[in-house]
Structures are given as structure tokens and as C-alpha cells.
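Colleague: For reference, this is entry-v5.txt, and it has compact mmCIF, C-alpha atoms.
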```
# COMPACT_ATOMS: atom_id res chain seq x y z
CA MET A 1482 80.35 43.72 117.11
CA GLN A 1483 83.05 45.88 115.46
CA ASP A 1484 84.23 49.10 116.96
CA ALA A 1485 83.12 52.19 115.05
CA LEU A 1486 85.70 53.57 112.69
CA PRO A 1487 87.45 56.69 114.02
CA PRO A 1488 86.20 59.91 112.48
CA CYS A 1489 88.27 61.53 109.73
CA PRO A 1490 90.68 64.20 110.94
CA LEU A 1491 89.14 67.66 110.88
CA VAL A 1492 91.42 70.16 109.15
CA VAL A 1493 90.79 73.91 109.24
CA GLY A 1494 92.26 76.43 106.80
CA ILE A 1495 91.87 80.17 107.33
CA ASP A 1496 92.69 83.07 105.01
CA VAL A 1497 92.65 86.34 106.96
CA GLY A 1498 92.67 89.07 104.34
CA GLY A 1499 92.81 92.80 104.79
CA THR A 1500 89.04 93.10 104.38
CA LYS A 1501 87.47 89.66 104.78
CA THR A 1502 88.35 86.31 106.33
CA HIS A 1503 87.56 82.95 104.76
CA LEU A 1504 87.51 79.69 106.76
CA ARG A 1505 87.09 76.22 105.29
CA ALA A 1506 87.08 72.97 107.24
CA PHE A 1507 87.13 69.42 105.93
CA ALA A 1508 86.74 66.00 107.48
CA GLY A 1509 88.42 63.87 104.88
CA ASP A 1510 86.91 65.04 101.60
CA ASP A 1511 83.69 66.24 103.24
CA LEU A 1512 83.25 70.00 103.57
CA VAL A 1513 82.30 70.74 107.17
CA ALA A 1514 82.36 74.56 107.15
CA ASP A 1515 82.75 77.34 104.57
CA HIS A 1516 82.54 80.62 106.43
CA VAL A 1517 83.28 84.22 105.38
CA ARG A 1518 83.27 87.18 107.74
CA PRO A 1519 84.89 90.63 108.02
CA SER A 1520 88.49 90.75 109.23
CA SER A 1521 87.68 93.47 111.75
CA GLY A 1522 89.31 92.72 115.09
CA TRP A 1523 92.29 90.88 113.59
CA ARG A 1524 95.37 92.20 115.45
CA PRO A 1525 98.42 90.34 114.11
CA HIS A 1526 100.90 92.42 116.08
CA ASP A 1527 99.32 91.23 119.36
CA PRO A 1528 99.91 87.45 119.30
CA VAL A 1529 97.64 86.66 122.24
CA ALA A 1530 94.77 88.73 120.82
CA ALA A 1531 95.31 87.30 117.33
CA ALA A 1532 95.21 83.73 118.63
CA ALA A 1533 92.06 84.40 120.62
CA TRP A 1534 90.45 85.94 117.53
CA VAL A 1535 91.26 82.83 115.47
CA ALA A 1536 89.98 80.53 118.23
CA ALA A 1537 86.69 82.42 118.41
CA LEU A 1538 86.38 82.29 114.62
CA VAL A 1539 86.90 78.52 114.59
CA ALA A 1540 84.48 77.97 117.47
CA GLY A 1541 81.80 79.98 115.72
CA ALA A 1542 82.24 78.27 112.34
CA LEU A 1543 82.52 74.60 113.32
CA PRO A 1544 79.65 72.40 114.49
CA ALA A 1545 79.15 72.33 118.25
CA GLY A 1546 81.70 70.09 119.95
CA ALA A 1547 83.92 69.71 116.86
CA ARG A 1548 87.63 69.96 117.56
CA PRO A 1549 90.17 70.53 114.78
CA SER A 1550 92.97 68.05 114.15
CA ALA A 1551 95.11 70.68 112.39
CA VAL A 1552 94.80 74.42 111.78
CA ALA A 1553 96.62 76.59 109.24
CA VAL A 1554 96.24 80.36 109.11
CA GLY A 1555 97.39 82.78 106.43
CA GLY A 1556 97.21 86.19 108.04
CA HIS A 1557 97.20 89.66 106.52
CA ALA A 1558 100.01 91.81 108.00
CA CYS A 1559 101.71 88.78 109.52
CA GLU A 1560 105.01 90.11 108.25
CA THR A 1561 107.88 88.12 109.78
CA PRO A 1562 108.57 84.48 110.76
CA ARG A 1563 109.01 85.64 114.37
CA GLN A 1564 105.59 87.30 114.44
CA CYS A 1565 103.91 84.24 112.90
CA HIS A 1566 105.69 81.94 115.36
CA GLN A 1567 104.40 83.98 118.29
CA ILE A 1568 100.81 83.69 117.07
CA ARG A 1569 101.23 79.95 116.51
CA THR A 1570 102.58 79.54 120.04
CA ALA A 1571 99.63 81.45 121.43
CA LEU A 1572 97.24 79.24 119.44
CA HIS A 1573 98.40 76.25 121.48
CA LEU A 1574 96.53 77.78 124.42
CA HIS A 1575 93.31 77.18 122.46
CA PHE A 1576 93.92 74.08 120.32
CA ASP A 1577 95.41 70.73 121.28
CA ALA A 1578 96.39 70.25 117.64
CA PRO A 1579 99.26 71.17 115.34
CA ALA A 1580 98.98 74.68 113.96
CA LEU A 1581 100.74 76.75 111.33
CA VAL A 1582 100.64 80.53 110.88
CA MET A 1583 102.03 82.37 107.86
CA GLY A 1584 101.46 85.52 105.86
CA ASP A 1585 98.41 85.40 103.62
CA ALA A 1586 100.52 85.67 100.45
CA GLU A 1587 102.09 82.31 101.32
CA LEU A 1588 98.75 80.63 100.68
CA LEU A 1589 98.84 81.30 96.93
CA VAL A 1590 101.44 78.76 95.85
CA PRO A 1591 99.82 75.77 97.62
CA ALA A 1592 96.37 77.02 96.54
CA ALA A 1593 97.59 76.73 92.94
CA GLY A 1594 98.73 73.15 93.59
CA LEU A 1595 102.42 74.06 93.45
CA VAL A 1596 105.27 73.29 95.83
CA ARG A 1597 107.58 76.13 94.80
CA GLY A 1598 106.98 79.56 93.35
CA VAL A 1599 106.20 83.17 94.15
CA GLY A 1600 102.95 84.38 95.68
CA LEU A 1601 102.11 87.93 94.59
CA VAL A 1602 99.14 89.78 96.09
CA ALA A 1603 97.85 93.11 94.86
CA GLY A 1604 94.61 93.94 96.59
CA THR A 1605 94.35 96.84 99.00
CA GLY A 1606 98.11 96.49 99.47
CA SER A 1607 100.85 94.59 97.63
CA VAL A 1608 103.39 91.99 98.70
CA ALA A 1609 105.35 89.10 97.21
CA VAL A 1610 106.79 86.05 98.96
CA GLY A 1611 108.87 83.03 98.06
CA ARG A 1612 111.27 80.54 99.60
CA LEU A 1613 114.95 79.84 99.09
CA ALA A 1614 116.37 76.38 98.44
CA ASP A 1615 116.77 75.88 102.22
CA ASN A 1616 113.03 76.70 102.62
CA SER A 1617 113.67 80.00 104.41
CA LEU A 1618 111.06 82.66 103.68
CA VAL A 1619 111.75 85.85 101.74
CA GLN A 1620 109.11 88.59 101.67
CA VAL A 1621 109.31 91.88 99.79
CA GLY A 1622 106.86 94.77 99.82
CA GLY A 1623 103.87 94.96 102.08
CA TRP A 1624 104.96 98.17 103.78
CA GLY A 1625 101.56 99.81 103.97
CA ALA A 1626 99.88 102.56 102.02
CA VAL A 1627 101.83 105.47 103.51
CA LEU A 1628 105.28 104.14 102.54
CA GLY A 1629 104.69 101.42 99.96
CA ASP A 1630 102.07 99.02 98.61
CA GLU A 1631 102.77 100.19 95.07
CA GLY A 1632 100.37 98.50 92.67
CA GLY A 1633 97.78 97.88 95.38
CA SER A 1634 94.61 99.93 95.38
CA ALA A 1635 95.69 102.28 98.18
CA GLY A 1636 99.11 102.82 96.62
CA LEU A 1637 97.54 103.58 93.25
CA VAL A 1638 95.36 106.28 94.81
CA ARG A 1639 98.34 107.80 96.61
CA GLU A 1640 100.35 107.91 93.38
CA ALA A 1641 97.36 109.28 91.47
CA VAL A 1642 97.13 112.21 93.88
CA ARG A 1643 100.87 112.83 93.52
CA SER A 1644 100.43 112.77 89.75
CA VAL A 1645 97.64 115.34 89.66
CA TRP A 1646 99.53 117.54 92.12
CA ALA A 1647 102.54 117.52 89.80
CA ALA A 1648 100.30 118.37 86.84
CA HIS A 1649 98.77 121.22 88.83
CA ASP A 1650 102.24 122.55 89.64
CA ARG A 1651 103.07 122.48 85.94
CA GLY A 1652 100.07 124.69 85.31
CA GLU A 1653 98.08 122.03 83.46
CA SER A 1654 94.29 122.02 83.45
CA ALA A 1655 92.58 119.37 85.55
CA ASP A 1656 92.04 116.21 83.52
CA GLU A 1657 89.62 113.32 84.15
CA LEU A 1658 91.84 111.88 86.89
CA ALA A 1659 92.03 115.17 88.77
CA LYS A 1660 88.30 115.75 88.43
CA GLY A 1661 87.52 112.23 89.57
CA LEU A 1662 89.74 112.45 92.65
CA VAL A 1663 88.39 115.87 93.64
CA ALA A 1664 84.85 114.52 93.45
CA ALA A 1665 85.66 111.24 95.20
CA PHE A 1666 87.38 112.96 98.12
CA GLY A 1667 84.64 115.60 98.35
CA VAL A 1668 86.95 118.61 98.03
CA ASP A 1669 86.75 121.71 95.83
CA GLU A 1670 90.16 121.75 94.15
CA VAL A 1671 93.33 119.72 93.57
CA PRO A 1672 95.44 121.41 96.31
CA ALA A 1673 92.92 120.23 98.91
CA LEU A 1674 93.57 116.57 98.13
CA GLY A 1675 96.50 116.44 100.55
CA ALA A 1676 94.39 117.33 103.56
CA ALA A 1677 91.75 114.84 102.39
CA LEU A 1678 94.35 112.06 102.32
CA GLU A 1679 95.56 112.97 105.79
CA ARG A 1680 92.05 112.88 107.27
CA ALA A 1681 91.79 109.14 106.70
CA THR A 1682 91.66 107.15 109.94
CA ASP A 1683 92.06 103.79 108.18
CA VAL A 1684 94.46 104.81 105.45
CA SER A 1685 94.60 101.58 103.44
CA ALA A 1686 90.85 101.01 103.40
CA GLU A 1687 89.79 104.63 102.86
CA TRP A 1688 92.33 105.32 100.12
CA GLY A 1689 91.98 101.89 98.55
CA ARG A 1690 88.24 102.02 97.98
CA LEU A 1691 88.75 105.01 95.65
CA ALA A 1692 91.00 103.09 93.24
CA PRO A 1693 88.18 102.63 90.69
CA VAL A 1694 88.48 106.38 90.07
CA VAL A 1695 91.94 105.80 88.59
CA PHE A 1696 90.78 103.07 86.21
CA THR A 1697 87.68 105.01 85.18
CA ALA A 1698 89.82 108.04 84.37
CA ALA A 1699 92.20 105.90 82.32
CA GLU A 1700 89.28 104.53 80.30
CA ALA A 1701 88.13 108.11 79.75
CA GLY A 1702 91.48 108.99 78.23
CA SER A 1703 93.52 110.39 81.14
CA LEU A 1704 97.21 110.01 80.33
CA LEU A 1705 98.02 110.65 83.98
CA ALA A 1706 95.84 107.74 85.08
CA ARG A 1707 97.30 105.44 82.43
CA THR A 1708 100.80 106.32 83.60
CA VAL A 1709 99.88 105.59 87.23
CA ILE A 1710 98.55 102.17 86.21
CA THR A 1711 101.61 101.39 84.08
CA GLU A 1712 103.90 102.33 86.95
CA GLY A 1713 101.81 100.23 89.32
CA GLY A 1714 102.27 97.19 87.09
CA ARG A 1715 105.99 97.90 86.87
CA SER A 1716 106.20 98.09 90.66
CA LEU A 1717 104.52 94.69 91.02
CA ALA A 1718 107.00 93.17 88.57
CA ALA A 1719 109.82 94.78 90.57
CA LEU A 1720 108.74 92.78 93.64
CA VAL A 1721 109.32 89.57 91.69
CA ARG A 1722 112.66 90.90 90.44
CA ARG A 1723 113.76 91.54 94.04
CA LEU A 1724 112.92 87.98 95.01
CA ALA A 1725 114.86 86.66 92.02
CA ASP A 1726 117.86 88.81 92.96
CA ARG A 1727 117.81 87.22 96.42
CA GLY A 1728 117.87 83.69 95.04
CA VAL A 1729 114.19 82.77 95.17
CA PRO A 1730 112.98 80.52 92.31
CA VAL A 1731 110.57 82.69 90.32
CA GLU A 1732 109.59 80.47 87.39
CA ASP A 1733 105.97 80.39 88.58
CA VAL A 1734 104.35 83.59 89.89
CA VAL A 1735 100.90 82.97 91.34
CA VAL A 1736 98.93 86.22 91.25
CA ALA A 1737 95.93 87.07 93.42
CA GLY A 1738 94.23 90.12 94.84
CA SER A 1739 91.04 92.05 94.38
CA THR A 1740 92.78 94.83 92.44
CA VAL A 1741 95.19 93.18 90.02
CA LEU A 1742 92.81 90.41 88.94
CA ALA A 1743 89.79 92.69 88.66
CA GLN A 1744 91.53 95.36 86.57
CA PRO A 1745 92.85 94.06 83.23
CA ALA A 1746 94.84 97.24 82.60
CA LEU A 1747 96.89 96.71 85.76
CA TYR A 1748 97.37 92.99 85.17
CA GLU A 1749 98.50 93.61 81.59
CA ALA A 1750 100.94 96.29 82.76
CA PHE A 1751 102.35 93.83 85.30
CA VAL A 1752 102.71 91.01 82.75
CA THR A 1753 104.38 93.29 80.21
CA SER A 1754 106.90 94.56 82.75
CA LEU A 1755 107.52 91.07 84.16
CA ALA A 1756 108.42 89.75 80.71
CA THR A 1757 111.11 92.41 80.45
CA SER A 1758 112.46 92.44 84.01
CA VAL A 1759 112.26 88.71 84.81
CA PRO A 1760 112.38 86.75 81.53
CA GLY A 1761 111.16 83.19 81.99
CA ALA A 1762 108.83 83.97 84.90
CA ARG A 1763 105.33 82.63 84.26
CA PRO A 1764 102.45 84.68 85.72
CA ARG A 1765 99.56 82.45 86.83
CA PRO A 1766 96.34 84.16 87.92
CA LEU A 1767 95.00 82.17 90.85
CA ASP A 1768 91.69 80.54 89.92
CA ALA A 1769 91.11 78.93 93.32
CA ALA A 1770 90.22 80.59 96.59
CA PRO A 1771 93.41 81.37 98.58
CA VAL A 1772 91.88 79.57 101.56
CA GLU A 1773 92.48 76.33 99.64
CA GLY A 1774 96.18 76.95 100.26
CA ALA A 1775 95.51 77.10 103.99
CA VAL A 1776 93.55 73.84 103.79
CA ALA A 1777 96.45 72.20 101.94
CA MET A 1778 98.90 73.42 104.59
CA ALA A 1779 96.64 72.16 107.38
CA ARG A 1780 96.52 68.71 105.73
CA SER A 1781 100.33 68.70 105.58
CA LEU A 1782 100.44 68.92 109.39
CA LEU A 1783 98.68 65.57 109.89
```
Would you mind writing the file's structure down as C-alpha cells?

Modeller:
Amino acid sequence: MQDALPPCPLVVGIDVGGTKTHLRAFAGDDLVADHVRPSSGWRPHDPVAAAAWVAALVAGALPAGARPSAVAVGGHACETPRQCHQIRTALHLHFDAPALVMGDAELLVPAAGLVRGVGLVAGTGSVAVGRLADNSLVQVGGWGAVLGDEGGSAGLVREAVRSVWAAHDRGESADELAKGLVAAFGVDEVPALGAALERATDVSAEWGRLAPVVFTAAEAGSLLARTVITEGGRSLAALVRRLADRGVPVEDVVVAGSTVLAQPALYEAFVTSLATSVPGARPRPLDAAPVEGAVAMARSLL
């Protein structure tokens, strides 16, 4: 009687986004788990807590008794190689298997089936990543809604408020953008928008969810809103330009994110600016789930 064949290795890929987390697990080519949940509780600046959160996610998504053979995590706000290394080290307390932790933008290039290129995310925030010839990581942007994230939804709202403030100071009548922001923030007049911004307890999420106001105002004819969108696209192209200036190959730019891919006006502004600032760079909207990049990276660990 022949011994039973060993089971296929179980690989787990996880995309921890700013809002939701997506886990996929495969045994060979067989899908074992496809699980989406909120990213609440993800604390990437506390490696021990982050590792425990990932371990609990895996335990809850996999069949009882299943143990992963490799795990790859792309984590929102995992901003430096040192930070990612600390989370990976902490994961070894939970998994007797090879593990890899990286920023979520690093998932885009492998998700697109590429080996080299730039991953550009513009969702709630914005960030771009790539690797040098020696494989060292370079990341630009991703500084949060207060200081950066230009071209992401929260950054667009911040810049929209600045724009209507400037128009107010020039003595201009409130246009569709100003009216939309005043209504969305629940205030009575443009000067009160500052206090409304400052009241946010979760700045990125609370500002970011109002981004549709900017695009609606642009469609209604607001020149201010159209300028904010154009500048947002230019800022996203500038991230790619910074990577190119630092020696990162930028021929392929894989683009993902709930804002840039859902809003044609922003994507077109980005593509137009990219053609001017980085000639030869090819924007490629990602048509696969970013978690597929995590699965590919997990397979590479076997």
C-alpha cells in the first residue's frame, strides 16, 4: 500500500489596506480561503500587536487545523524596511513558516505579473514604491493627510478646502465646490471649514470620504475643483518622477487605489502629467486584486 501523497503547501497572501483587509490562501492551485474584513485594529507601528493581529486573521480565515507553509503580508502604513522586518520577526512567534512583510504598495507589481516596476497607490492616501538595481526599496510619499498624500482622497479634500479659502479671501462668491464642502462638513460658511477639518478624530478616513464632493463639483463646472483634480494628478506623477530621479526603473507604473481608478478625471490628469514629466513611463491600471501580489510573494518563499 502506497503512502499518501503529502498535501500541497498552503500559501497565504494578505493585503492590509487603509480601510479593508483581503486574505487569500491556496493549496497548490486550489483556493482555500478568500476573506475580506475591516482593517480596524491593524497597528503597524507596534510590531508585536501587528503580528498578533495577522495571526488572528489567519486563524479565523483558514480551515480548523490548517497551518500555512508561507505567509506574505502587504501592510498599509508599513513605511520602512526596518518596521516591516520587526513585524516579520514577531510573526515567527505565531508561524513556523517563512514570512514576508512589506508595504501594501509593493504588492502591485507582482499582482500585475511583473518583476520590476513602480507601484503607485492613490486611495485614501498616496504612495509610490520601486526597487533599485540592487533590489533595495525606495518609497516616496505616504506621509499622511495632514502633511502629504497629495492625489489621495484625503489630500484632495484638504487641498479643496485650501482652494475655497483662497477664493473667499479674494472676495469671490462661493462656487459649487465651496457650497458642496460647506454642506458636506455641516457648517454654515466657508471660514468654518477649518474648524471642521480639525474636529476629525480619524483624519484620513473622515476627510477622505468627502472626496466625491470635489469630483461632483468639477462635473458641475467648478474651476476650483477642476484645478484641485489637475494638481492631484500632477502630484501623483511627481511621485514617479522622484523615483526615477533616484535611479528606480519606471518603465512600468502599476496604478491602484479606490480613488484614482474610480475617478477618470484624476486618472487622466495623472496620465497627462506623467507623459510630460516621465516620458516613456507606461501607466498600467491594475486589473487584479492587490492580494494576488501577496499570494505571488508567498509562493516565492517556498

Colleague: I'd like to know which of A:Val1721, A:Val1517, A:Ala1551, A:Ala1706 is closest to A:Val1599, using all atoms listed in the file.

Modeller: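 Closest to A:Val1599, using all atoms listed in the file: A:Val1721.
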
Colleague: Suppose you want the space between atom CA of A:Ser1521 and atom CA of A:Ser1685; what is it in Å?

Modeller: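 Straight-line distance from atom CA of A:Ser1521 to atom CA of A:Ser1685 works out to 13.5 Å.
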
Colleague: Name all residues at most 12 Å from A:Ser1654 (count only C-alpha atoms; drop same-chain ones fewer than 5 positions away) and give them as a PDB file with C-alpha atoms, keeping the file's coordinate frame.

Modeller:
```pdb
ATOM      1  CA  VAL A1645      97.640 115.340  89.660  1.00  0.00           C
ATOM      2  CA  TRP A1646      99.530 117.540  92.120  1.00  0.00           C
ATOM      3  CA  ALA A1647     102.540 117.520  89.800  1.00  0.00           C
ATOM      4  CA  ALA A1648     100.300 118.370  86.840  1.00  0.00           C
ATOM      5  CA  HIS A1649      98.770 121.220  88.830  1.00  0.00           C
ATOM      6  CA  ALA A1659      92.030 115.170  88.770  1.00  0.00           C
ATOM      7  CA  LYS A1660      88.300 115.750  88.430  1.00  0.00           C
ATOM      8  CA  GLU A1670      90.160 121.750  94.150  1.00  0.00           C
ATOM      9  CA  VAL A1671      93.330 119.720  93.570  1.00  0.00           C
ATOM     10  CA  SER A1703      93.520 110.390  81.140  1.00  0.00           C
ATOM     11  CA  LEU A1705      98.020 110.650  83.980  1.00  0.00           C
TER      12      LEU A1705
END
```

Colleague: Near A:Ala1626, within 7 Å and counting only C-alpha atoms, which residues show up once chain neighbours fewer than 6 positions away are dropped, as a PDB file with C-alpha atoms, in the coordinates of the input?

Modeller:
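File around_15.pdb, as written:
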```
ATOM      1  CA  GLY A1606      98.110  96.490  99.470  1.00  0.00           C
ATOM      2  CA  ALA A1635      95.690 102.280  98.180  1.00  0.00           C
ATOM      3  CA  GLY A1636      99.110 102.820  96.620  1.00  0.00           C
ATOM      4  CA  VAL A1684      94.460 104.810 105.450  1.00  0.00           C
ATOM      5  CA  SER A1685      94.600 101.580 103.440  1.00  0.00           C
TER       6      SER A1685
END
```

Colleague: Looking at only C-alpha atoms, which of A:Ile1710, A:Leu1601, A:Ala1770, A:Ala1609 is the one that sits closest to A:Glu1749?

Modeller: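 Nearest to A:Glu1749: A:Ile1710.
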
Colleague: Record the distance separating atom CA of A:Val1596 and atom CA of A:Ala1746, expressed in Å with one decimal.

Modeller: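 Atom-to-atom, atom CA of A:Val1596 and atom CA of A:Ala1746 are spaced 29.3 Å apart.
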
Colleague: Once you count only C-alpha atoms, which residues end up no further than 8 Å from (88.1, 84.0, 110.5) in the file's frame, shown as a list in words?

Modeller: Ile1495, Asp1496, Val1497, Thr1502, His1503, Leu1504, His1516, Val1517, Arg1518, Pro1519, Ser1520, Trp1534, Val1535, Leu1538 and Val1539 of chain A

Colleague: Centre and edge lengths, as lines of an AutoDock Vina configuration file, for the axis-aligned box enclosing every listed atom of stretch 1593-1601 of chain A with 5 Å of padding on each of the six sides, in Å to one decimal?

Modeller:
```
center_x = 102.6
center_y = 80.5
center_z = 94.4
size_x = 20.0
size_y = 24.8
size_z = 12.9
```
